[in-house]
file work32.txt (compact mmCIF, C-alpha atoms)
# COMPACT_ATOMS: atom_id res chain seq x y z
CA MET B 1 0.00 0.00 0.00
CA LYS B 2 0.99 3.58 -0.52
CA ILE B 3 1.18 5.87 2.50
CA LYS B 4 1.22 9.62 2.00
CA VAL B 5 3.67 11.26 4.38
CA LEU B 6 4.60 14.78 3.18
CA LYS B 7 6.87 15.57 6.10
CA ASN B 8 10.15 17.39 6.34
CA VAL B 9 12.98 14.91 6.24
CA PHE B 10 14.63 16.53 9.27
CA GLN B 11 11.43 16.38 11.26
CA ARG B 12 13.10 15.08 14.40
CA ASN B 13 15.62 17.90 14.29
CA ASP B 14 12.83 20.40 13.60
CA ASN B 15 10.92 19.14 16.65
CA ALA B 16 13.98 19.52 18.88
CA ALA B 17 14.56 22.99 17.38
CA ARG B 18 11.01 23.98 18.25
CA GLU B 19 11.53 22.80 21.83
CA ASN B 20 14.73 24.82 22.04
CA ARG B 21 12.99 27.93 20.75
CA GLU B 22 10.14 27.52 23.23
CA LEU B 23 12.61 27.09 26.11
CA LEU B 24 14.60 30.15 25.02
CA ASP B 25 11.40 32.18 24.58
CA ALA B 26 10.24 31.20 28.06
CA ARG B 27 13.56 32.39 29.53
CA GLY B 28 13.61 35.54 27.40
CA VAL B 29 16.84 34.61 25.66
CA THR B 30 17.44 35.76 22.08
CA CYS B 31 19.38 33.09 20.22
CA VAL B 32 21.66 33.71 17.25
CA ASN B 33 23.08 31.00 14.98
CA LEU B 34 26.39 32.08 13.44
CA LEU B 35 27.28 30.18 10.27
CA GLY B 36 30.10 30.20 7.77
CA GLY B 37 32.92 28.17 6.31
CA ALA B 38 36.03 27.16 8.23
CA GLY B 39 38.17 30.26 8.63
CA ALA B 40 35.41 32.73 7.70
CA GLY B 41 36.20 34.62 10.90
CA LYS B 42 33.25 33.65 13.09
CA THR B 43 35.22 33.38 16.35
CA SER B 44 37.03 36.64 15.64
CA LEU B 45 33.65 38.36 15.22
CA LEU B 46 32.55 36.98 18.60
CA GLU B 47 35.79 38.24 20.14
CA ALA B 48 35.08 41.65 18.66
CA VAL B 49 31.42 42.05 19.65
CA ILE B 50 31.26 40.35 23.05
CA PRO B 51 33.46 42.97 24.83
CA VAL B 52 31.29 45.73 23.29
CA LEU B 53 28.01 44.12 24.40
CA ARG B 54 29.08 42.52 27.67
CA ASP B 55 28.01 45.47 29.80
CA SER B 56 24.57 45.88 28.26
CA LEU B 57 23.66 42.23 27.63
CA ARG B 58 24.16 39.07 29.61
CA MET B 59 25.59 36.77 26.96
CA GLY B 60 26.32 33.09 26.67
CA VAL B 61 28.01 31.13 23.89
CA LEU B 62 27.73 27.62 22.50
CA GLU B 63 30.81 26.73 20.46
CA GLY B 64 30.32 24.05 17.83
CA ASP B 65 33.38 22.23 16.55
CA LEU B 66 34.41 18.85 15.23
CA ALA B 67 37.25 18.61 17.73
CA THR B 68 39.30 20.57 20.29
CA THR B 69 38.21 23.29 22.72
CA LYS B 70 40.35 25.97 21.06
CA ASP B 71 37.38 28.23 20.21
CA ALA B 72 35.75 27.82 23.62
CA THR B 73 39.06 28.79 25.23
CA ARG B 74 39.17 31.96 23.12
CA VAL B 75 35.60 32.88 24.11
CA ASP B 76 36.14 31.91 27.75
CA ALA B 77 38.87 34.53 27.93
CA LEU B 78 36.15 37.16 27.32
CA GLY B 79 34.48 36.27 30.61
CA VAL B 80 31.14 34.98 29.37
CA PRO B 81 29.70 31.51 29.99
CA VAL B 82 30.67 29.19 27.14
CA ILE B 83 30.00 25.52 26.46
CA GLN B 84 31.95 23.63 23.81
CA LEU B 85 29.79 21.29 21.73
CA LEU B 86 31.88 18.67 20.00
CA THR B 87 30.29 16.88 17.06
CA ASP B 88 33.03 14.25 17.05
CA GLY B 89 33.60 14.57 13.34
CA GLY B 90 30.00 15.50 12.49
CA CYS B 91 29.91 18.37 10.03
CA HIS B 92 27.08 20.41 11.59
CA LEU B 93 25.35 21.14 14.88
CA THR B 94 21.94 19.58 15.43
CA ALA B 95 19.09 20.88 17.57
CA THR B 96 19.54 17.84 19.82
CA LEU B 97 23.18 18.66 20.49
CA VAL B 98 22.23 22.27 21.20
CA GLN B 99 19.62 20.96 23.64
CA GLN B 100 22.43 19.33 25.63
CA GLY B 101 24.31 22.63 25.65
CA LEU B 102 21.24 24.54 26.82
CA ARG B 103 20.96 22.28 29.87
CA ARG B 104 24.48 23.25 30.91
CA LEU B 105 24.06 27.02 30.53
CA PRO B 106 22.58 29.36 33.17
CA LEU B 107 19.71 30.41 30.86
CA ASP B 108 17.89 32.42 33.52
CA GLY B 109 20.85 34.73 33.71
CA LEU B 110 21.14 35.32 29.96
CA ASP B 111 19.70 37.83 27.50
CA MET B 112 21.44 36.52 24.41
CA LEU B 113 22.85 33.18 23.35
CA LEU B 114 25.30 33.09 20.47
CA ILE B 115 25.82 29.72 18.81
CA GLU B 116 28.91 29.42 16.66
CA ASN B 117 28.22 26.58 14.26
CA VAL B 118 30.79 24.15 12.87
CA GLY B 119 32.91 25.85 10.23
CA ASN B 120 31.31 24.54 7.05
CA PRO B 121 29.46 26.44 4.30
CA ILE B 122 27.15 23.55 3.40
CA CYS B 123 25.67 21.25 6.05
CA PRO B 124 24.93 23.60 9.00
CA ALA B 125 22.59 25.67 6.82
CA GLY B 126 20.07 22.81 6.60
CA PHE B 127 19.60 22.38 10.35
CA ASP B 128 17.37 24.62 12.44
CA LEU B 129 18.80 24.81 15.96
CA GLY B 130 15.92 26.76 17.47
CA GLU B 131 17.58 30.12 16.90
CA HIS B 132 15.69 33.39 16.47
CA LEU B 133 18.27 34.96 14.18
CA ARG B 134 20.74 33.66 11.68
CA ILE B 135 23.97 35.40 10.75
CA SER B 136 25.96 34.05 7.80
CA VAL B 137 29.60 35.03 7.44
CA LEU B 138 31.61 35.10 4.23
CA SER B 139 35.21 36.27 4.24
CA VAL B 140 36.62 38.06 1.21
CA THR B 141 39.47 35.55 1.10
CA GLU B 142 36.94 32.80 0.28
CA GLY B 143 36.03 34.48 -2.98
CA ASP B 144 33.07 36.43 -4.39
CA ASP B 145 31.61 33.35 -6.10
CA LYS B 146 30.61 31.69 -2.83
CA ALA B 147 27.11 33.18 -2.59
CA ALA B 148 26.29 31.43 -5.86
CA LYS B 149 28.04 28.23 -4.85
CA TYR B 150 26.55 27.91 -1.36
CA PRO B 151 23.12 29.53 -1.69
CA LEU B 152 21.51 27.72 1.24
CA LEU B 153 24.05 29.27 3.63
CA PHE B 154 22.71 32.74 2.83
CA LYS B 155 19.07 32.06 1.94
CA ASP B 156 17.59 32.30 5.42
CA ALA B 157 20.12 34.69 6.95
CA ASP B 158 18.85 37.76 8.78
CA LEU B 159 22.27 39.35 8.49
CA ILE B 160 25.13 38.61 6.13
CA VAL B 161 28.59 39.65 7.28
CA LEU B 162 31.35 40.07 4.71
CA SER B 163 34.42 39.67 6.87
CA LYS B 164 38.15 40.37 6.51
CA CYS B 165 37.40 43.30 4.20
CA ASP B 166 40.83 44.77 4.99
CA LEU B 167 42.27 41.92 2.92
CA GLN B 168 40.16 42.78 -0.13
CA PRO B 169 42.97 44.69 -1.92
CA LEU B 170 45.00 41.48 -1.89
CA THR B 171 42.23 39.56 -3.64
CA ASP B 172 40.00 39.98 -6.69
CA PHE B 173 36.89 39.89 -4.49
CA ASP B 174 34.20 42.03 -6.11
CA PHE B 175 31.56 43.42 -3.72
CA ASN B 176 29.12 44.08 -6.59
CA THR B 177 29.28 40.47 -7.75
CA VAL B 178 28.70 39.04 -4.30
CA THR B 179 25.94 41.52 -3.49
CA ARG B 180 24.12 40.72 -6.73
CA ASP B 181 24.33 36.96 -6.05
CA LEU B 182 23.27 37.38 -2.41
CA ARG B 183 20.28 39.47 -3.42
CA ARG B 184 19.06 36.75 -5.75
CA ILE B 185 18.61 34.31 -2.92
CA ASN B 186 17.95 36.67 -0.04
CA ARG B 187 16.42 40.10 -0.54
CA ARG B 188 15.71 41.01 3.06
CA ALA B 189 18.99 40.37 4.93
CA GLU B 190 21.19 43.31 5.80
CA ILE B 191 24.74 43.05 4.44
CA LEU B 192 27.52 44.32 6.67
CA GLN B 193 31.25 44.65 5.94
CA THR B 194 33.67 44.07 8.80
CA GLN B 195 37.37 44.12 9.62
CA ALA B 196 37.45 42.44 13.01
CA ARG B 197 41.19 42.92 13.56
CA ARG B 198 40.79 46.69 13.21
CA ALA B 199 37.39 46.80 14.96
CA ILE B 200 35.82 48.26 11.82
CA GLY B 201 32.18 47.33 11.23
CA THR B 202 32.07 45.30 14.43
CA GLU B 203 30.44 48.16 16.33
CA ALA B 204 27.63 48.05 13.75
CA LEU B 205 27.37 44.29 14.25
CA ALA B 206 27.12 44.80 18.01
CA THR B 207 24.41 47.41 17.52
CA TRP B 208 22.52 45.09 15.17
CA LEU B 209 22.56 42.38 17.86
CA LEU B 210 21.59 44.78 20.63
CA ASP B 211 18.63 46.11 18.61
CA ARG B 212 17.29 42.59 18.20
CA CYS B 213 17.72 41.48 21.76
CA ARG B 214 15.01 41.70 24.36
CA PRO B 215 16.60 42.25 27.76
CA SER B 216 13.71 44.34 29.09
CA SER B 217 11.04 41.85 28.03
CA ALA B 218 13.07 39.10 29.66
CA ALA B 219 13.10 40.98 32.94
CA SER B 220 9.37 41.72 32.78
CA ARG B 221 8.57 38.06 32.21
CA GLU B 222 10.17 37.03 35.48
CA MET Q 1 28.39 14.92 4.26
CA HIS Q 2 24.86 15.85 5.32
CA GLU Q 3 23.72 12.97 3.08
CA PHE Q 4 23.96 10.52 5.95
CA ALA Q 5 21.75 12.69 8.11
CA VAL Q 6 19.24 12.84 5.24
CA ALA Q 7 19.34 9.05 4.72
CA GLN Q 8 19.04 8.35 8.45
CA SER Q 9 16.09 10.70 8.82
CA LEU Q 10 14.35 9.19 5.77
CA VAL Q 11 14.70 5.69 7.21
CA ASP Q 12 13.58 6.80 10.70
CA THR Q 13 10.49 8.65 9.47
CA ALA Q 14 9.56 5.90 6.98
CA THR Q 15 9.84 3.31 9.74
CA VAL Q 16 7.60 5.30 12.08
CA GLU Q 17 5.02 5.85 9.34
CA ALA Q 18 5.08 2.18 8.30
CA ARG Q 19 4.60 1.01 11.90
CA ARG Q 20 1.73 3.43 12.38
CA ALA Q 21 0.03 1.96 9.31
CA GLY Q 22 0.62 -1.57 10.58
CA ALA Q 23 2.97 -2.34 7.70
CA GLN Q 24 5.77 -4.86 8.03
CA ARG Q 25 8.08 -3.90 5.23
CA VAL Q 26 8.79 -0.69 3.37
CA THR Q 27 9.31 -1.24 -0.35
CA VAL Q 28 9.66 2.32 -1.64
CA ILE Q 29 10.67 5.61 -0.05
CA HIS Q 30 9.74 8.54 -2.24
CA CYS Q 31 11.27 11.91 -1.47
CA ARG Q 32 11.64 15.31 -3.05
CA ILE Q 33 14.90 17.23 -2.66
CA GLY Q 34 15.53 20.75 -3.90
CA VAL Q 35 18.81 21.45 -5.67
CA LEU Q 36 19.54 24.24 -3.17
CA ARG Q 37 19.95 21.53 -0.53
CA GLN Q 38 23.07 20.37 -2.34
CA VAL Q 39 22.46 16.70 -1.64
CA ASN Q 40 24.72 14.51 -3.75
CA SER Q 41 22.70 11.57 -5.09
CA ASP Q 42 25.60 9.07 -5.17
CA LEU Q 43 26.48 9.84 -1.56
CA LEU Q 44 22.81 9.73 -0.58
CA ASN Q 45 22.36 6.30 -2.13
CA GLU Q 46 25.46 5.06 -0.39
CA ALA Q 47 24.34 6.46 2.95
CA PHE Q 48 20.84 5.08 2.42
CA SER Q 49 22.14 1.55 1.83
CA LEU Q 50 23.88 1.76 5.21
CA ALA Q 51 21.08 3.50 7.12
CA ARG Q 52 18.37 1.05 6.06
CA GLN Q 53 20.21 -2.04 7.37
CA GLY Q 54 18.36 -3.87 10.12
CA THR Q 55 15.22 -1.73 9.73
CA LEU Q 56 11.79 -2.16 8.12
CA CYS Q 57 13.33 -0.33 5.15
CA GLU Q 58 16.05 -2.94 4.63
CA ALA Q 59 14.80 -3.80 1.14
CA ALA Q 60 13.35 -0.41 0.27
CA GLU Q 61 14.06 1.42 -2.94
CA LEU Q 62 14.88 5.11 -2.67
CA ARG Q 63 13.19 7.33 -5.27
CA VAL Q 64 14.31 10.93 -5.37
CA ASP Q 65 12.56 13.69 -7.29
CA LYS Q 66 14.87 16.59 -7.97
CA ALA Q 67 13.22 19.98 -7.43
CA TYR Q 68 14.77 22.84 -9.37
CA VAL Q 69 14.99 26.42 -8.18
CA GLN Q 70 11.71 28.19 -8.77
CA ALA Q 71 11.36 31.94 -9.00
CA SER Q 72 8.61 34.47 -9.37
CA CYS Q 73 9.35 37.64 -11.32
CA GLY Q 74 9.18 40.78 -9.21
CA ARG Q 75 8.04 42.84 -12.20
CA CYS Q 76 5.61 40.69 -14.21
CA ASP Q 77 4.79 37.89 -11.70
CA HIS Q 78 5.84 35.24 -14.22
CA ALA Q 79 6.72 31.95 -12.46
CA TYR Q 80 9.74 30.17 -13.90
CA THR Q 81 12.49 27.64 -13.28
CA VAL Q 82 16.01 28.92 -12.67
CA ARG Q 83 18.63 26.85 -14.46
CA ASP Q 84 22.40 27.34 -14.41
CA TRP Q 85 22.04 30.28 -12.04
CA GLU Q 86 20.26 32.30 -14.73
CA TRP Q 87 17.83 34.36 -12.69
CA ARG Q 88 16.56 36.80 -15.31
CA CYS Q 89 12.85 36.47 -16.03
CA PRO Q 90 12.52 34.68 -19.39
CA LYS Q 91 9.42 36.75 -20.14
CA CYS Q 92 10.37 40.34 -19.30
CA GLY Q 93 14.11 40.13 -18.54
CA ALA Q 94 13.84 41.59 -15.02
CA GLU Q 95 16.52 40.60 -12.49
CA ALA Q 96 14.52 40.97 -9.28
CA ALA Q 97 13.00 37.57 -8.67
CA GLU Q 98 11.55 36.05 -5.53
CA LEU Q 99 12.73 32.57 -4.70
CA THR Q 100 9.69 30.29 -4.46
CA GLY Q 101 11.12 26.77 -4.42
CA GLY Q 102 14.12 24.53 -4.74
CA ASP Q 103 14.99 24.20 -1.05
CA GLU Q 104 12.50 21.47 -0.16
CA LEU Q 105 13.56 18.33 1.62
CA LEU Q 106 10.42 16.24 1.85
CA LEU Q 107 9.49 12.66 2.48
CA VAL Q 108 6.57 12.51 0.06
CA SER Q 109 5.28 8.96 0.52
CA ILE Q 110 6.22 5.40 1.21
CA GLU Q 111 5.02 2.13 -0.22
CA ALA Q 112 4.79 -0.70 2.24
CA ASP Q 113 3.58 -4.27 2.59
CA VAL Q 114 0.89 -4.72 5.18
CA ALA Q 115 0.88 -7.75 7.45
CA ASP Q 116 -0.51 -10.85 5.85
CA GLU Q 117 -1.98 -13.72 7.84
CA ASP Q 118 1.44 -15.25 8.43
CA GLN Q 119 2.10 -14.27 12.05
CA GLY Q 120 5.51 -15.92 11.97
CA SER Q 121 6.96 -13.52 9.45
CA GLU Q 122 5.38 -10.58 11.25
CA GLU Q 123 7.16 -11.41 14.45
CA ARG Q 124 10.41 -12.06 12.75
CA LEU Q 125 10.39 -8.72 10.99
CA SER Q 126 9.17 -6.60 13.86
CA THR Q 127 11.89 -7.57 16.29
call {"tool": "encode", "arguments": {"input": "work32.txt", "output": "structure tokens"}}
result
Amino acid sequence: MKIKVLKNVFQRNDNAARENRELLDARGVTCVNLLGGAGAGKTSLLEAVIPVLRDSLRMGVLEGDLATTKDATRVDALGVPVIQLLTDGGCHLTATLVQQGLRRLPLDGLDMLLIENVGNPICPAGFDLGEHLRISVLSVTEGDDKAAKYPLLFKDADLIVLSKCDLQPLTDFDFNTVTRDLRRINRRAEILQTQARRAIGTEALATWLLDRCRPSSAASRE
Amino acid sequence: MHEFAVAQSLVDTATVEARRAGAQRVTVIHCRIGVLRQVNSDLLNEAFSLARQGTLCEAAELRVDKAYVQASCGRCDHAYTVRDWEWRCPKCGAEAAELTGGDELLLVSIEADVADEDQGSEERLST
């Protein structure tokens, strides 16, 4: 017999993601999923914005990696609670793994949770973690053809960060090309250029995050 | 390698649906995958042949419909298929299109054998 199903293939992940979102909503925590290829500069962006936001927002971080606690160590140095999630070779974070991380974080004391996904421009994009906002990072050293090559990475982003823009003169990265390709798959996301090492554009990123956080509503819910 | 996650999820969901319908054996899993998902069909087939082992889907055939990128013209509303990253509206030539499909990842249906009168085989397969 034929049985009609019509369900999302990642239904189990989607269910866990919904649970995560409900938990975060109940605690008044705004959750951001930071995605991008390996070496796009995700951790450097965290290192740049966390010190700026630390005084106005209570922040926590989940660090996704295949192996090592190198990134968690970098974030830990900034004085915010951080949990390293190791996928043990898995190429993306899942909502279930994030669930384990959420249990280990002091959610009641947080306004914003930043999740740094595994460095990979393909797989992480397909997995909802329960985040409220998605930031996709592309560094100029990766090349201006990457929006066309990895469309899913940018399709559902709320913000697209073009990082390492100080290195652009050393490359043939064309901002017009990448912007045109990004606009084809995502017309609503803001596009921001950053140079994390020189703290250029990172203030704007911090402001973007602050504007979308809900510290007051979290307090009023208590 | 998100293909294994796709294969595993297909087998899991098909198994749940087959059990719910009282079926003993899944013969076909029919899914629809958009090209934006960047699922490689060779890798998916390989992953599927591993994921189905020891499940109700052990002998199932995987049928995949490829869904191309669909767009709707922002100027003339014409709906069209985007091929080779050519986004211009074939009718009016406008660039500003709205993405309307091509990112789906759906388990559409399964075909399964329902229990026959032979209780022996039912028990053997359901353990």
call {"tool": "residues_around", "arguments": {"input": "work32.txt", "residues": "Q:Asp77", "least_positions_apart": "2", "cutoff": "12 Å", "atoms": "only C-alpha atoms", "output": "PyMOL selection string"}}
result
chain Q and resi 71-75+79-80+89-94+96-100
call {"tool": "residues_around", "arguments": {"input": "work32.txt", "residues": "B:Pro106", "least_positions_apart": "2", "cutoff": "12 Å", "atoms": "all atoms listed in the file", "output": "NGL selection string"}}
result
:B and (24 or 27 or 29 or 58-62 or 80-83 or 101-104 or 108-113)
call {"tool": "atom_distance", "arguments": {"input": "work32.txt", "atom1": "atom CA of Q:Cys57", "atom2": "atom CA of B:Ile3"}}
result
13.9 Å
call {"tool": "residues_around", "arguments": {"input": "work32.txt", "residues": "B:Ala206", "least_positions_apart": "6", "cutoff": "9 Å", "atoms": "all atoms listed in the file", "output": "list in words"}}
result
Ala48, Val49, Ile50, Val52 and Leu53 of chain B
call {"tool": "write_last_selection", "arguments": {"input": "work32.txt", "atoms": "C-alpha atoms", "output": "CSV table (one decimal), in the coordinates of the input"}}
result
chain,number,residue,atom,x,y,z
B,48,ALA,CA,35.1,41.6,18.7
B,49,VAL,CA,31.4,42.0,19.6
B,50,ILE,CA,31.3,40.4,23.0
B,52,VAL,CA,31.3,45.7,23.3
B,53,LEU,CA,28.0,44.1,24.4
call {"tool": "closest_residue", "arguments": {"input": "work32.txt", "among": "B:Arg187, B:His132, B:Arg21, B:Lys146", "to": "chain Q", "atoms": "all atoms listed in the file"}}
result
B:Arg187
call {"tool": "closest_residue", "arguments": {"input": "work32.txt", "among": "Q:Arg52, Q:His2, Q:His30, Q:Arg19", "to": "chain B", "atoms": "only C-alpha atoms"}}
result
Q:His2
call {"tool": "interface_residues", "arguments": {"input": "work32.txt", "of": "chain Q", "to": "chain B", "cutoff": "10 Å", "atoms": "all atoms listed in the file", "output": "MDAnalysis selection string"}}
result
chainID Q and resid 1:3 5:14 17:18 21 23 26:33 35:39 71 85 87:88 95:100 103:114
call {"tool": "closest_atom_pairs", "arguments": {"input": "work32.txt", "of": "stretch 97-173 of chain B", "to": "stretch 192-196 of chain B", "cutoff": "7 Å", "atoms": "all atoms listed in the file", "output": "Markdown table"}}
result
| residue | atom | partner | partner_atom | distance |
| --- | --- | --- | --- | --- |
| B:Ile160 | CA | B:Leu192 | CA | 6.2 |
| B:Val161 | CA | B:Leu192 | CA | 4.8 |
| B:Leu162 | CA | B:Gln193 | CA | 4.7 |
| B:Ser163 | CA | B:Thr194 | CA | 4.9 |
| B:Lys164 | CA | B:Gln195 | CA | 4.9 |
| B:Cys165 | CA | B:Gln195 | CA | 5.5 |
| B:Asp166 | CA | B:Gln195 | CA | 5.8 |
call {"tool": "decode", "arguments": {"input": "work32.txt", "residues": "stretch 73-103 of chain B", "atoms": "N, CA and C atoms", "output": "mmCIF file, in the first residue's frame"}}
result
data_model
loop_
_atom_site.group_PDB
_atom_site.id
_atom_site.type_symbol
_atom_site.label_atom_id
_atom_site.label_comp_id
_atom_site.auth_asym_id
_atom_site.auth_seq_id
_atom_site.Cartn_x
_atom_site.Cartn_y
_atom_site.Cartn_z
ATOM 1 N N THR B 73 38.022 28.148 24.422
ATOM 2 C CA THR B 73 39.061 28.786 25.227
ATOM 3 C C THR B 73 39.181 30.263 24.867
ATOM 4 N N ARG B 74 39.095 30.558 23.561
ATOM 5 C CA ARG B 74 39.166 31.960 23.125
ATOM 6 C C ARG B 74 37.990 32.768 23.680
ATOM 7 N N VAL B 75 36.790 32.168 23.633
ATOM 8 C CA VAL B 75 35.601 32.883 24.110
ATOM 9 C C VAL B 75 35.605 32.976 25.628
ATOM 10 N N ASP B 76 36.091 31.932 26.286
ATOM 11 C CA ASP B 76 36.144 31.907 27.747
ATOM 12 C C ASP B 76 36.974 33.071 28.279
ATOM 13 N N ALA B 77 37.995 33.425 27.530
ATOM 14 C CA ALA B 77 38.869 34.529 27.935
ATOM 15 C C ALA B 77 38.114 35.862 27.994
ATOM 16 N N LEU B 78 36.930 35.921 27.338
ATOM 17 C CA LEU B 78 36.154 37.161 27.325
ATOM 18 C C LEU B 78 35.242 37.267 28.550
ATOM 19 N N GLY B 79 35.240 36.208 29.371
ATOM 20 C CA GLY B 79 34.484 36.273 30.614
ATOM 21 C C GLY B 79 32.992 36.051 30.488
ATOM 22 N N VAL B 80 32.562 35.333 29.471
ATOM 23 C CA VAL B 80 31.139 34.981 29.366
ATOM 24 C C VAL B 80 31.011 33.456 29.425
ATOM 25 N N PRO B 81 29.861 32.960 29.920
ATOM 26 C CA PRO B 81 29.704 31.506 29.991
ATOM 27 C C PRO B 81 29.750 30.877 28.605
ATOM 28 N N VAL B 82 30.551 29.843 28.448
ATOM 29 C CA VAL B 82 30.671 29.187 27.140
ATOM 30 C C VAL B 82 30.708 27.675 27.337
ATOM 31 N N ILE B 83 29.989 26.977 26.462
ATOM 32 C CA ILE B 83 29.998 25.515 26.460
ATOM 33 C C ILE B 83 30.479 25.060 25.088
ATOM 34 N N GLN B 84 31.457 24.185 25.090
ATOM 35 C CA GLN B 84 31.945 23.635 23.814
ATOM 36 C C GLN B 84 31.096 22.425 23.432
ATOM 37 N N LEU B 85 30.530 22.445 22.245
ATOM 38 C CA LEU B 85 29.790 21.294 21.730
ATOM 39 C C LEU B 85 30.657 20.609 20.689
ATOM 40 N N LEU B 86 31.048 19.390 20.958
ATOM 41 C CA LEU B 86 31.881 18.668 19.996
ATOM 42 C C LEU B 86 31.020 17.683 19.218
ATOM 43 N N THR B 87 31.105 17.755 17.894
ATOM 44 C CA THR B 87 30.289 16.877 17.057
ATOM 45 C C THR B 87 31.031 15.572 16.767
ATOM 46 N N ASP B 88 32.274 15.493 17.232
ATOM 47 C CA ASP B 88 33.027 14.251 17.052
ATOM 48 C C ASP B 88 33.131 13.883 15.573
ATOM 49 N N GLY B 89 33.453 14.833 14.767
ATOM 50 C CA GLY B 89 33.596 14.574 13.338
ATOM 51 C C GLY B 89 32.368 14.938 12.523
ATOM 52 N N GLY B 90 31.225 15.107 13.200
ATOM 53 C CA GLY B 90 29.995 15.497 12.495
ATOM 54 C C GLY B 90 30.169 16.894 11.917
ATOM 55 N N CYS B 91 29.597 17.133 10.741
ATOM 56 C CA CYS B 91 29.905 18.366 10.030
ATOM 57 C C CYS B 91 28.958 19.525 10.330
ATOM 58 N N HIS B 92 28.011 19.329 11.254
ATOM 59 C CA HIS B 92 27.075 20.410 11.590
ATOM 60 C C HIS B 92 26.545 20.208 12.999
ATOM 61 N N LEU B 93 26.038 21.268 13.598
ATOM 62 C CA LEU B 93 25.345 21.140 14.876
ATOM 63 C C LEU B 93 23.913 20.695 14.588
ATOM 64 N N THR B 94 23.352 19.936 15.526
ATOM 65 C CA THR B 94 21.935 19.575 15.429
ATOM 66 C C THR B 94 21.209 20.204 16.612
ATOM 67 N N ALA B 95 19.889 20.300 16.481
ATOM 68 C CA ALA B 95 19.094 20.880 17.568
ATOM 69 C C ALA B 95 19.208 20.033 18.828
ATOM 70 N N THR B 96 19.411 18.730 18.667
ATOM 71 C CA THR B 96 19.535 17.841 19.823
ATOM 72 C C THR B 96 20.832 18.121 20.582
ATOM 73 N N LEU B 97 21.895 18.350 19.837
ATOM 74 C CA LEU B 97 23.178 18.655 20.490
ATOM 75 C C LEU B 97 23.093 20.004 21.215
ATOM 76 N N VAL B 98 22.417 20.958 20.580
ATOM 77 C CA VAL B 98 22.229 22.269 21.201
ATOM 78 C C VAL B 98 21.416 22.128 22.490
ATOM 79 N N GLN B 99 20.437 21.231 22.460
ATOM 80 C CA GLN B 99 19.618 20.960 23.641
ATOM 81 C C GLN B 99 20.505 20.582 24.842
ATOM 82 N N GLN B 100 21.504 19.737 24.571
ATOM 83 C CA GLN B 100 22.428 19.335 25.634
ATOM 84 C C GLN B 100 23.205 20.533 26.156
ATOM 85 N N GLY B 101 23.592 21.421 25.249
ATOM 86 C CA GLY B 101 24.309 22.628 25.646
ATOM 87 C C GLY B 101 23.435 23.551 26.484
ATOM 88 N N LEU B 102 22.156 23.652 26.101
ATOM 89 C CA LEU B 102 21.240 24.545 26.823
ATOM 90 C C LEU B 102 21.070 24.112 28.279
ATOM 91 N N ARG B 103 21.113 22.793 28.502
ATOM 92 C CA ARG B 103 20.963 22.279 29.874
ATOM 93 C C ARG B 103 22.139 22.683 30.755
#
